[in-house]
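Structure, as structure tokens:
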Amino acid sequence: MIETPSLVDQYCHGVLRTELGLGTFEAQLARTEGPPAPGTTLFDTQTGFAVRRWCPPLLGLEPHCPPARYLARRRELGVLEAGRRLLRGSGITTYLVDTGVPGDLTGPDEIASAGDARACEIVCLELLAEQVADTSGTVESFLANLAEAVHGAAAHAVAFTSVAGVRHGLALAPEPPGPGEVRGAAGRWLAARPVGGELGDPVLLRHLLWIAVASGLPLQLHAGLGAGLRTDRTDPVLLTDFVRATAGLGTDLVLLHGYPHHRHAAHLAGVFPHVYADSGAALVRTGARAATVLAEILELAPFGKILFSSGARGLPELHVVGARLFREALARVLGGWVAEGAWSLGDAQRVAGLVAAGNARRVYGLE
């Protein structure tokens with residue numbers, strides 16, 4: 001038996017505070033552009049099947065029960081009690097929560113209370129810049145306030161995260177932009193931006209990344225399916241020049257999600273000392289195939305450079321599924337290598353502890 005008694009979820013979001021019907025629940029299972037096709041359901045996915053396997057027993061139902069019965073039980077318990085049971089049943093003891101997603105989602109303190117766990121904040125760079133822009137009247141004040149806001153966030157957050165891959169793609173120039181270039185880009189963006197408009201200017205995105213690098217906090221970079229629908233623009237290999245440019249500066253880079261380019265993320269983690277690969281969020285999408293995906297990550301990345309996350313957002317069920325699939329996949333892969341005689345049981349248990357929690361505690365200073 002390969003045991004992982006403690007899990008640090010190194011990247012997730014809060015959960016919805018509202019009751020959900022069938023349609024709204026399904027909409028949270030997968031990030032699709034619109035509802036499912038007529039005559040189909042998003043429960044008929046690897047994620048949907050995993051939810052039906054792992055979550056009903058935590059609410060007092062049998063595994064694989066029909067979605068309608070599961071949601072009826074969820075409503076019977078109420079959103080708070082159902083969320084509490086699910087989060088506490090996940091086995092996650094520490095949540096690192098990205099607070100940069102809009103919507104009625106719980107914050108770190110609420111998820112910690114519901115899950116009887118510890119929670120820390122991850123600050124999204126692009127949302128922070130948008131909030132600063134809403135209250136800055138000039139280019140000069142925007143840039144000054146932005147630098148101050150990043151500095152202030154670094155005092156309480158455990159990491160920064162960037163969605164540059166979602167907003168533009170990862171093929172950004174690797175070097176920091178010059179002051180004149182930044183001022184010009186800020187002026188154009190602020191002049192054309194509607195209130196609440198998103199930041200997608202490549203110069204300002206690069207400026208944000210380099211401000212974050214200067215802070216010394218770990219910087220998480222969304223890649224693969226976790227960074228938008230155009231996966232050709234979100235392959236982590238596109239970050240190679242930026243990774244090389246940041247080597248030796250004292251800031252760790254964590255490549256989130258990665259899938260279906262998870263081998264590329266694992267390769268970068270193997271080549272560059274300051275790069276780490278996320279192993280968990282891809283498993284939620286791949287469900288019964290999770291062990292295969294995890295084994296592919298373990299092919300290339302050093303075992304001290306791989307971190308678990310659920311990548312969950314909106315549904316506490318996704319925190320559960322992320323944790324359970326990770327534990328099952330890790331036990332299956334490492335246990336198989338022990339059975340074959342390739343690994344000792346002691347080494348397998350040690351590596352399991354690193355990937356599940358130890359690496360994240362070291363990278364994010366959680367000891």
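Letters A, B, ... mark the chains of the structure tokens in the order given; residue numbers begin at 1 per chain; ligand numbers begin at 1, in order shown.
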Every residue of region 133-363 of chain A that DSSP places in strand (DSSP E), as a list in words: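 Checking each residue of region 133-363 of chain A, the strand (DSSP E) ones are Ala159, Phe160, Thr161, Ser162, Leu219, Gln220, Leu221, His222, Ala223, Leu253, Val254, Leu255, Leu256, His257, Val275, Tyr276, Ala277, Asp278, Ile306 and Leu307 of chain A.
The environment of Val182 (chain A) within 10 Å, counting only C-alpha atoms and disregarding residues fewer than 3 places along the same chain, consists of Val139, Leu143, Pro176, Pro177, Gly178, Pro179, Ala185, Ala186, Gly187, Val203, Leu204, Leu205, Arg206 and His207 of chain A.
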Would you save the residues from that selection as an mmCIF file, in the first residue's frame, using all heavy atoms?
```cif
data_model
loop_
_atom_site.group_PDB
_atom_site.id
_atom_site.type_symbol
_atom_site.label_atom_id
_atom_site.label_comp_id
_atom_site.auth_asym_id
_atom_site.auth_seq_id
_atom_site.Cartn_x
_atom_site.Cartn_y
_atom_site.Cartn_z
ATOM 1 N N VAL A 139 -1.517 57.153 -16.620
ATOM 2 C CA VAL A 139 -0.544 56.087 -16.847
ATOM 3 C C VAL A 139 0.454 56.024 -15.700
ATOM 4 O O VAL A 139 0.781 54.942 -15.192
ATOM 5 C CB VAL A 139 0.189 56.315 -18.187
ATOM 6 C CG1 VAL A 139 1.369 55.354 -18.316
ATOM 7 C CG2 VAL A 139 -0.771 56.146 -19.356
ATOM 8 N N LEU A 143 0.980 52.728 -13.211
ATOM 9 C CA LEU A 143 2.217 51.962 -13.073
ATOM 10 C C LEU A 143 2.765 52.016 -11.657
ATOM 11 O O LEU A 143 3.257 51.005 -11.125
ATOM 12 C CB LEU A 143 3.250 52.472 -14.073
ATOM 13 C CG LEU A 143 2.901 52.250 -15.551
ATOM 14 C CD1 LEU A 143 3.944 52.884 -16.459
ATOM 15 C CD2 LEU A 143 2.755 50.766 -15.856
ATOM 16 N N PRO A 176 12.355 41.339 -20.179
ATOM 17 C CA PRO A 176 11.461 42.358 -19.616
ATOM 18 C C PRO A 176 11.358 43.551 -20.567
ATOM 19 O O PRO A 176 12.363 43.969 -21.144
ATOM 20 C CB PRO A 176 12.132 42.743 -18.299
ATOM 21 C CG PRO A 176 13.550 42.319 -18.445
ATOM 22 C CD PRO A 176 13.573 41.153 -19.367
ATOM 23 N N PRO A 177 10.160 44.115 -20.749
ATOM 24 C CA PRO A 177 10.027 45.291 -21.620
ATOM 25 C C PRO A 177 10.658 46.525 -20.976
ATOM 26 O O PRO A 177 10.720 46.639 -19.747
ATOM 27 C CB PRO A 177 8.515 45.446 -21.764
ATOM 28 C CG PRO A 177 7.944 44.821 -20.540
ATOM 29 C CD PRO A 177 8.877 43.700 -20.178
ATOM 30 N N GLY A 178 11.134 47.447 -21.809
ATOM 31 C CA GLY A 178 11.725 48.666 -21.299
ATOM 32 C C GLY A 178 10.689 49.627 -20.756
ATOM 33 O O GLY A 178 9.490 49.518 -21.064
ATOM 34 N N PRO A 179 11.107 50.620 -19.943
ATOM 35 C CA PRO A 179 10.161 51.566 -19.340
ATOM 36 C C PRO A 179 9.315 52.305 -20.366
ATOM 37 O O PRO A 179 8.107 52.476 -20.174
ATOM 38 C CB PRO A 179 11.076 52.529 -18.567
ATOM 39 C CG PRO A 179 12.327 51.748 -18.305
ATOM 40 C CD PRO A 179 12.499 50.837 -19.471
ATOM 41 N N ALA A 185 2.448 51.038 -23.834
ATOM 42 C CA ALA A 185 1.422 49.993 -23.808
ATOM 43 C C ALA A 185 0.345 50.304 -22.784
ATOM 44 O O ALA A 185 -0.855 50.112 -23.045
ATOM 45 C CB ALA A 185 2.070 48.644 -23.502
ATOM 46 N N ALA A 186 0.749 50.808 -21.620
ATOM 47 C CA ALA A 186 -0.225 51.160 -20.588
ATOM 48 C C ALA A 186 -1.144 52.280 -21.071
ATOM 49 O O ALA A 186 -2.361 52.241 -20.844
ATOM 50 C CB ALA A 186 0.488 51.563 -19.308
ATOM 51 N N GLY A 187 -0.576 53.265 -21.739
ATOM 52 C CA GLY A 187 -1.390 54.359 -22.243
ATOM 53 C C GLY A 187 -2.416 53.887 -23.253
ATOM 54 O O GLY A 187 -3.589 54.294 -23.202
ATOM 55 N N VAL A 203 2.762 43.351 -23.946
ATOM 56 C CA VAL A 203 3.825 44.085 -23.248
ATOM 57 C C VAL A 203 3.518 44.171 -21.761
ATOM 58 O O VAL A 203 4.388 43.939 -20.907
ATOM 59 C CB VAL A 203 3.995 45.492 -23.851
ATOM 60 C CG1 VAL A 203 4.959 46.325 -23.013
ATOM 61 C CG2 VAL A 203 4.485 45.402 -25.291
ATOM 62 N N LEU A 204 2.268 44.488 -21.432
ATOM 63 C CA LEU A 204 1.902 44.579 -20.016
ATOM 64 C C LEU A 204 1.902 43.213 -19.351
ATOM 65 O O LEU A 204 2.231 43.099 -18.156
ATOM 66 C CB LEU A 204 0.537 45.248 -19.878
ATOM 67 C CG LEU A 204 0.467 46.715 -20.301
ATOM 68 C CD1 LEU A 204 -0.937 47.276 -20.095
ATOM 69 C CD2 LEU A 204 1.498 47.559 -19.549
ATOM 70 N N LEU A 205 1.535 42.171 -20.090
ATOM 71 C CA LEU A 205 1.614 40.821 -19.523
ATOM 72 C C LEU A 205 3.054 40.469 -19.171
ATOM 73 O O LEU A 205 3.332 39.919 -18.101
ATOM 74 C CB LEU A 205 1.041 39.798 -20.514
ATOM 75 C CG LEU A 205 -0.470 39.863 -20.754
ATOM 76 C CD1 LEU A 205 -0.866 38.911 -21.874
ATOM 77 C CD2 LEU A 205 -1.259 39.541 -19.487
ATOM 78 N N ARG A 206 3.991 40.794 -20.057
ATOM 79 C CA ARG A 206 5.408 40.556 -19.763
ATOM 80 C C ARG A 206 5.864 41.392 -18.578
ATOM 81 O O ARG A 206 6.613 40.911 -17.713
ATOM 82 C CB ARG A 206 6.254 40.895 -20.983
ATOM 83 C CG ARG A 206 6.139 39.913 -22.123
ATOM 84 C CD ARG A 206 6.650 40.540 -23.410
ATOM 85 N NE ARG A 206 8.010 41.046 -23.269
ATOM 86 C CZ ARG A 206 8.483 42.066 -24.009
ATOM 87 N NH1 ARG A 206 7.721 42.682 -24.890
ATOM 88 N NH2 ARG A 206 9.737 42.465 -23.826
ATOM 89 N N HIS A 207 5.410 42.642 -18.519
ATOM 90 C CA HIS A 207 5.765 43.517 -17.402
ATOM 91 C C HIS A 207 5.309 42.908 -16.082
ATOM 92 O O HIS A 207 6.070 42.889 -15.092
ATOM 93 C CB HIS A 207 5.122 44.888 -17.619
ATOM 94 C CG HIS A 207 5.406 45.884 -16.542
ATOM 95 N ND1 HIS A 207 6.683 46.274 -16.193
ATOM 96 C CD2 HIS A 207 4.555 46.587 -15.724
ATOM 97 C CE1 HIS A 207 6.618 47.163 -15.213
ATOM 98 N NE2 HIS A 207 5.341 47.360 -14.906
#
```
Mind dumping a table of every region 212-269 of chain A residue within 10 Å of region 7-30 of chain A, with the nearest atom pair and its distance in Å to one decimal, using only C-alpha atoms, sorted by chain and rising number, as CSV?
```
residue,atom,partner,partner_atom,distance
A:Gln220,CA,A:Tyr11,CA,8.9
A:Val254,CA,A:Gln10,CA,9.8
A:Leu256,CA,A:Tyr11,CA,8.0
A:His257,CA,A:Tyr11,CA,9.5
```
Shell around Trp337 (chain A) at 12 Å using only C-alpha atoms, local window under 2 positions removed, as number ranges by chain: A: 2, 295, 298, 330-335, 339-349
Long-range neighbours of Leu253 (chain A) as a list in words, 8 Å cut-off, only C-alpha atoms, 6 positions minimum in chain: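 Those residues are Pro218, Leu219, Gln220, Leu221, Val243, His274, Val275 and Tyr276 of chain A.
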Residues near Ala247 (chain A), cut-off 9 Å, only C-alpha atoms, skip fewer than 3 positions along chain, as a ChimeraX atom specification: /A:242-244,250-252,272-275
Take the residues from that selection and put them in a file with C-alpha atoms, as a compact mmCIF listing (two decimals), in the first residue's frame.
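Final output, saved to selection.txt:
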```txt
# COMPACT_ATOMS: atom_id res chain seq x y z
CA PHE A 242 11.41 32.90 -20.55
CA VAL A 243 12.40 30.02 -18.31
CA ARG A 244 16.02 30.38 -19.40
CA GLY A 250 15.73 33.07 -7.12
CA THR A 251 12.12 32.72 -8.26
CA ASP A 252 10.57 29.29 -8.84
CA PHE A 272 15.80 23.78 -15.23
CA PRO A 273 16.37 23.78 -11.45
CA HIS A 274 13.77 26.51 -10.81
CA VAL A 275 10.92 24.89 -12.78
```
Given only C-alpha atoms as the counted atoms, nearest of A:Asp201, A:Glu328, A:Glu181, A:Glu317 to Thr47 (chain A): A:Glu317
Those of region 80-294 of chain A in DSSP alpha helix (DSSP H), formatted as number ranges by chain: A: 80-89, 108-115, 125-134, 139-154, 164-167, 179-192, 202-215, 240-246, 262-271, 281-286, 290-294
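From CA of Ala119 (chain A) back to CA of Leu96 (chain A), the distance works out to 5.7 Å.
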Straight-line distance linking CA of Val158 (chain A) with CA of Val363 (chain A), stated in Å to one decimal: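 About the pair CA of Val158 (chain A) and CA of Val363 (chain A): they are 9.4 Å apart.
With distances restricted to only C-alpha atoms, A:Leu255 is the closest residue to Lys305 (chain A) from A:Leu255, A:Val150, A:Ala72, A:Val321.
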Point-to-point distance in Å for CA of Trp54 (chain A) and CA of Val320 (chain A): 7.3 Å
Pick from A:Val338, A:Val97, A:Ala266, A:Leu61 nearest to Gly311 (chain A), counting only C-alpha atoms: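 Of A:Val338, A:Val97, A:Ala266, A:Leu61, the one nearest Gly311 (chain A) is A:Val97, counting only C-alpha atoms.
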Taking 4 positions as the minimum chain separation for residues in the same chain, which residues sit within 12 Å of Gln131 (chain A) when counting only C-alpha atoms? Answer as an mmCIF file with C-alpha atoms, in the first residue's frame.
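Generated file (part-v5.cif):
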```
data_model
loop_
_atom_site.group_PDB
_atom_site.id
_atom_site.type_symbol
_atom_site.label_atom_id
_atom_site.label_comp_id
_atom_site.auth_asym_id
_atom_site.auth_seq_id
_atom_site.Cartn_x
_atom_site.Cartn_y
_atom_site.Cartn_z
ATOM 1 C CA GLY A 100 -8.641 35.807 -9.112
ATOM 2 C CA CYS A 124 -3.683 36.496 -9.906
ATOM 3 C CA LEU A 125 -1.471 39.125 -11.553
ATOM 4 C CA GLU A 126 -3.868 40.106 -14.322
ATOM 5 C CA LEU A 127 -6.835 40.598 -11.986
ATOM 6 C CA THR A 135 -8.812 53.224 -9.605
ATOM 7 C CA SER A 136 -5.925 54.879 -11.471
ATOM 8 C CA PHE A 142 -1.376 53.140 -12.831
ATOM 9 C CA ASN A 145 0.043 51.797 -8.029
ATOM 10 C CA LEU A 146 0.614 48.495 -9.825
ATOM 11 C CA ALA A 149 -0.027 46.500 -5.275
ATOM 12 C CA VAL A 150 2.275 43.660 -6.312
ATOM 13 C CA VAL A 195 -14.513 49.668 -17.163
ATOM 14 C CA GLY A 196 -13.702 46.159 -15.988
ATOM 15 C CA GLY A 197 -11.986 45.289 -19.272
ATOM 16 C CA GLU A 198 -9.488 42.431 -19.258
ATOM 17 C CA LEU A 199 -5.754 42.840 -19.660
#
```
Using only C-alpha atoms: which of A:Arg230, A:Ala82, A:Ala290, A:Ile92 has the shortest distance to Ser309 (chain A): A:Ile92
Closest of A:Leu59, A:Gly216, A:Glu140, A:Arg183 to Gly78 (chain A) - atom-to-atom distances counting only C-alpha atoms: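 Under the stated criterion, the closest residue is A:Leu59.
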